[in-house]
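Participant: Next up is a structure, given as structure tokens.
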Amino acid sequence: MGKNQTNISKEKALLHAIKTILKPLVRFLISQNITYVGLQNQLKQTYVKVADNSFKLNGKRQTDSRISLLTGVHRSDVKRIRKENSKLTPSKGIKTSLSAQIMSVWIGKKAYLDSKGNPKILFRCAQDGSPSFEELVLSLSKDKHPRSFIDDWVNQGLIEIKEQNDKEMIGLTEKGYIPETDYEEKLFFAGKNVGDHLSVVVHNLEKKSPPMFDRAIYYQQLTEESVKELETLSEKRMMEVLIEVNQRANELQEKDNGQEQANKGMHLGAYYYRKLTKSENNEAD
């Protein structure tokens, strides 16, 4: 096979993979009344910002003209987009990120775990050195009052408040921060999870070293009963792994804290996709 034929074959495979990735996204966008035109402007901004940040030439200033050449976006649009403030984080994203950190420490740090490794029921306020919810929140942020998280999590059913010896105690009802009622928080985590997973895929496709772990299994011709059994098994085992890794990550974070080399991060996820109908596999290309 000649070089041109190889390039054409790779291009076809790439376009097919892009279509496969885009189908569920487009299905969701249409359901949310977001049209192609509505997405176009966001896509234009993303092209410009990625080109600006990730495709710089060593020793040379990044110019509007070069970004326009790389992206196909008109130079006047490039100039306008580059002037926009892209560093602002939505308040919902900040709140959600902090909530996830609090829950992660609660189920991962030894001080907040019992002898079996389960998250303790905490005093609401500090009591004679015993772990408290107030202490947990303030250890991560002094800007948010613990009461705001208590009200929010009670409303979501993530925690329950009990009385013990005239003291308020707070216990988890879930082993992780899983927003059920706040749509904006679900979208925040969706962006983080899908975005980071795609980053892993791109890293491996570009053959960067070392490769990142990315594995999955696929099975067809299964009954609904078999699919449900595998889903229950997967959820149980993957949750065990996530909790174990989370606890170890908390230990290592405490050990590494303050070191100059402690400038790296990680993101581990797990999912189980249950295909309900054959039509999901047979959408037109």
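How things are named: the first chain in the structure tokens is A, the next is B, and so on; residues count from 1 in each chain; ligands count from 1 in the order shown.
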From a DSSP calculation on the backbone, collect every residue of range 81-193 of chain A in strand (DSSP E) and output the set as a list of chain:residue names.

Facilitator: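 For range 81-193 of chain A, the strand (DSSP E) set is A:Leu122, A:Phe123, A:Ile159, A:Glu160, A:Ile161, A:Lys162, A:Glu163, A:Gln164, A:Lys167, A:Glu168, A:Met169, A:Ile170, A:Gly171, A:Leu172.
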
Participant: Using DSSP on the backbone, list every residue of range 80-187 of chain A that comes out as alpha helix (DSSP H), and give them as number ranges by chain.

Facilitator: A: 80-83, 91-108, 133-140, 146-156, 183-187

Participant: Just checking: using only C-alpha atoms, which residue out of A:Asn53, A:Asn257, A:Ser104, A:Asn4 ends up closest to Val245 in chain A?

Facilitator: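 Closest to Val245 in chain A, using only C-alpha atoms: A:Ser104.
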
Participant: Grab the CA of Gly269 in chain A to CA of Lys49 in chain A distance for me, in Å with one decimal place.

Facilitator: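 Here the two named atoms are 26.2 Å from each other.
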
Participant: So that I can check the surroundings of Met212 in chain A, please list as a PyMOL selection string every protein, DNA and RNA residue that reaches within 12 Å of it, counting only C-alpha atoms and ignoring chain neighbours fewer than 2 positions away.

Facilitator: chain A and resi 196-210+214-215+266-268

Participant: Would you save the residues of that selection, restricted to N, CA and C atoms, as a PDB file, in the first residue's frame?

Facilitator:
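The resulting again_1.pdb:
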ATOM      1  N   ASP A 196     -11.300  14.218  30.187  1.00  0.00           N
ATOM      2  CA  ASP A 196     -10.058  13.552  30.583  1.00  0.00           C
ATOM      3  C   ASP A 196      -9.903  12.192  29.908  1.00  0.00           C
ATOM      4  N   HIS A 197     -11.025  11.478  29.715  1.00  0.00           N
ATOM      5  CA  HIS A 197     -10.945  10.191  29.026  1.00  0.00           C
ATOM      6  C   HIS A 197     -10.487  10.400  27.584  1.00  0.00           C
ATOM      7  N   LEU A 198     -11.011  11.413  26.923  1.00  0.00           N
ATOM      8  CA  LEU A 198     -10.568  11.708  25.559  1.00  0.00           C
ATOM      9  C   LEU A 198      -9.093  12.109  25.530  1.00  0.00           C
ATOM     10  N   SER A 199      -8.633  12.795  26.568  1.00  0.00           N
ATOM     11  CA  SER A 199      -7.216  13.162  26.637  1.00  0.00           C
ATOM     12  C   SER A 199      -6.336  11.912  26.698  1.00  0.00           C
ATOM     13  N   VAL A 200      -6.796  10.909  27.428  1.00  0.00           N
ATOM     14  CA  VAL A 200      -6.063   9.631  27.485  1.00  0.00           C
ATOM     15  C   VAL A 200      -6.028   8.984  26.103  1.00  0.00           C
ATOM     16  N   VAL A 201      -7.181   8.947  25.424  1.00  0.00           N
ATOM     17  CA  VAL A 201      -7.262   8.343  24.092  1.00  0.00           C
ATOM     18  C   VAL A 201      -6.325   9.045  23.117  1.00  0.00           C
ATOM     19  N   VAL A 202      -6.343  10.376  23.124  1.00  0.00           N
ATOM     20  CA  VAL A 202      -5.479  11.151  22.220  1.00  0.00           C
ATOM     21  C   VAL A 202      -4.010  10.919  22.551  1.00  0.00           C
ATOM     22  N   HIS A 203      -3.678  10.901  23.834  1.00  0.00           N
ATOM     23  CA  HIS A 203      -2.291  10.640  24.262  1.00  0.00           C
ATOM     24  C   HIS A 203      -1.795   9.321  23.676  1.00  0.00           C
ATOM     25  N   ASN A 204      -2.615   8.284  23.750  1.00  0.00           N
ATOM     26  CA  ASN A 204      -2.206   6.967  23.256  1.00  0.00           C
ATOM     27  C   ASN A 204      -2.177   6.914  21.735  1.00  0.00           C
ATOM     28  N   LEU A 205      -3.111   7.589  21.071  1.00  0.00           N
ATOM     29  CA  LEU A 205      -3.111   7.616  19.607  1.00  0.00           C
ATOM     30  C   LEU A 205      -1.891   8.341  19.067  1.00  0.00           C
ATOM     31  N   GLU A 206      -1.421   9.344  19.807  1.00  0.00           N
ATOM     32  CA  GLU A 206      -0.227  10.074  19.390  1.00  0.00           C
ATOM     33  C   GLU A 206       1.055   9.343  19.768  1.00  0.00           C
ATOM     34  N   LYS A 207       0.894   8.163  20.389  1.00  0.00           N
ATOM     35  CA  LYS A 207       2.018   7.274  20.742  1.00  0.00           C
ATOM     36  C   LYS A 207       3.017   7.960  21.670  1.00  0.00           C
ATOM     37  N   LYS A 208       2.488   8.783  22.566  1.00  0.00           N
ATOM     38  CA  LYS A 208       3.356   9.404  23.555  1.00  0.00           C
ATOM     39  C   LYS A 208       3.740   8.378  24.614  1.00  0.00           C
ATOM     40  N   SER A 209       4.895   8.562  25.221  1.00  0.00           N
ATOM     41  CA  SER A 209       5.412   7.595  26.189  1.00  0.00           C
ATOM     42  C   SER A 209       5.540   8.234  27.571  1.00  0.00           C
ATOM     43  N   PRO A 210       5.161   7.475  28.619  1.00  0.00           N
ATOM     44  CA  PRO A 210       4.561   6.148  28.559  1.00  0.00           C
ATOM     45  C   PRO A 210       3.074   6.224  28.217  1.00  0.00           C
ATOM     46  N   ASP A 214      -5.935   2.398  29.383  1.00  0.00           N
ATOM     47  CA  ASP A 214      -7.271   2.591  28.810  1.00  0.00           C
ATOM     48  C   ASP A 214      -7.740   1.250  28.259  1.00  0.00           C
ATOM     49  N   ARG A 215      -8.559   0.560  29.020  1.00  0.00           N
ATOM     50  CA  ARG A 215      -9.014  -0.771  28.643  1.00  0.00           C
ATOM     51  C   ARG A 215     -10.524  -0.878  28.777  1.00  0.00           C
ATOM     52  N   MET A 266      -3.873  13.387  38.835  1.00  0.00           N
ATOM     53  CA  MET A 266      -4.379  12.158  38.226  1.00  0.00           C
ATOM     54  C   MET A 266      -5.904  12.165  38.232  1.00  0.00           C
ATOM     55  N   HIS A 267      -6.500  11.336  37.397  1.00  0.00           N
ATOM     56  CA  HIS A 267      -7.957  11.216  37.308  1.00  0.00           C
ATOM     57  C   HIS A 267      -8.260   9.778  36.921  1.00  0.00           C
ATOM     58  N   LEU A 268      -8.940   9.068  37.794  1.00  0.00           N
ATOM     59  CA  LEU A 268      -9.315   7.675  37.538  1.00  0.00           C
ATOM     60  C   LEU A 268     -10.828   7.582  37.462  1.00  0.00           C
TER      61      LEU A 268
END

Participant: For the atom pair CA of Asn246 in chain A and CA of Ile107 in chain A, what is the interatomic distance in Å to one decimal place?

Facilitator: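 Computing it gives 7.7 Å between the two atoms.
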
Participant: For range 124-139 of chain A, list every protein, DNA or RNA residue within 12 Å, evaluated using only C-alpha atoms, and leave out those in the same chain fewer than 6 positions away; present the list as a PyMOL selection string.

Facilitator: chain A and resi 98-107+109-114+145-150+159-164+166-172

Participant: Write the residues of the selection above to a file with C-alpha atoms, as a JSON list (two decimals), in the first residue's frame.

Facilitator:
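Dumped everything to result-v3.json:
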[["chain", "number", "residue", "atom", "x", "y", "z"],
["A", 98, "LEU", "CA", -14.87, 21.59, 46.48],
["A", 99, "SER", "CA", -17.76, 19.27, 47.27],
["A", 100, "ALA", "CA", -15.97, 16.43, 45.49],
["A", 101, "GLN", "CA", -12.78, 17.15, 47.45],
["A", 102, "ILE", "CA", -14.63, 17.10, 50.78],
["A", 103, "MET", "CA", -16.33, 13.81, 49.99],
["A", 104, "SER", "CA", -13.06, 12.35, 48.69],
["A", 105, "VAL", "CA", -11.25, 13.14, 51.95],
["A", 106, "TRP", "CA", -14.14, 11.79, 54.03],
["A", 107, "ILE", "CA", -14.01, 8.39, 52.32],
["A", 109, "LYS", "CA", -8.37, 9.88, 54.80],
["A", 110, "LYS", "CA", -7.62, 7.55, 57.72],
["A", 111, "ALA", "CA", -8.67, 10.12, 60.32],
["A", 112, "TYR", "CA", -12.20, 9.95, 58.95],
["A", 113, "LEU", "CA", -12.39, 6.16, 58.56],
["A", 114, "ASP", "CA", -13.34, 3.48, 61.07],
["A", 145, "HIS", "CA", -19.47, 27.74, 55.58],
["A", 146, "PRO", "CA", -19.95, 24.05, 56.50],
["A", 147, "ARG", "CA", -23.67, 24.70, 56.98],
["A", 148, "SER", "CA", -24.10, 25.39, 53.25],
["A", 149, "PHE", "CA", -22.81, 21.91, 52.41],
["A", 150, "ILE", "CA", -24.96, 20.30, 55.11],
["A", 159, "ILE", "CA", -26.02, 12.69, 54.32],
["A", 160, "GLU", "CA", -28.31, 12.29, 57.30],
["A", 161, "ILE", "CA", -28.22, 14.11, 60.64],
["A", 162, "LYS", "CA", -28.65, 12.14, 63.87],
["A", 163, "GLU", "CA", -28.72, 13.01, 67.56],
["A", 164, "GLN", "CA", -26.26, 11.25, 69.88],
["A", 166, "ASP", "CA", -27.41, 15.71, 72.66],
["A", 167, "LYS", "CA", -24.83, 16.20, 69.91],
["A", 168, "GLU", "CA", -25.56, 16.45, 66.20],
["A", 169, "MET", "CA", -23.87, 13.70, 64.18],
["A", 170, "ILE", "CA", -23.55, 13.59, 60.39],
["A", 171, "GLY", "CA", -23.32, 10.32, 58.47],
["A", 172, "LEU", "CA", -22.88, 9.56, 54.78]]

Participant: For Lys120 in chain A, which of A:Arg80, A:Gly195, A:Leu29, A:Gly108 is the closest residue, counting only C-alpha atoms?

Facilitator: A:Gly108

Participant: Quick one, how far is CA of Asn7 in chain A from CA of Thr20 in chain A?

Facilitator: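 These two atoms are separated by 19.9 Å.
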
Participant: So which one's closest to Tyr273 in chain A, A:Lys236, A:Glu231, A:Leu39, A:Val241? Using only C-alpha atoms, please.

Facilitator: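 Smallest distance to Tyr273 in chain A is found for A:Glu231.
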
Participant: Within 8 Å of Val78 in chain A, counting only C-alpha atoms, which residues qualify if same-chain residues fewer than 4 places away don't, as a JSON list (two decimals) with C-alpha atoms, in the first residue's frame?

Facilitator:
[["chain", "number", "residue", "atom", "x", "y", "z"],
["A", 48, "VAL", "CA", -8.65, 29.09, 18.83],
["A", 64, "ASP", "CA", -3.37, 35.65, 15.21],
["A", 67, "ILE", "CA", -3.71, 30.49, 14.74],
["A", 68, "SER", "CA", -5.96, 31.36, 11.80],
["A", 73, "VAL", "CA", -10.94, 30.52, 11.82],
["A", 74, "HIS", "CA", -10.94, 34.05, 10.35],
["A", 82, "ARG", "CA", -7.97, 35.73, 22.28]]
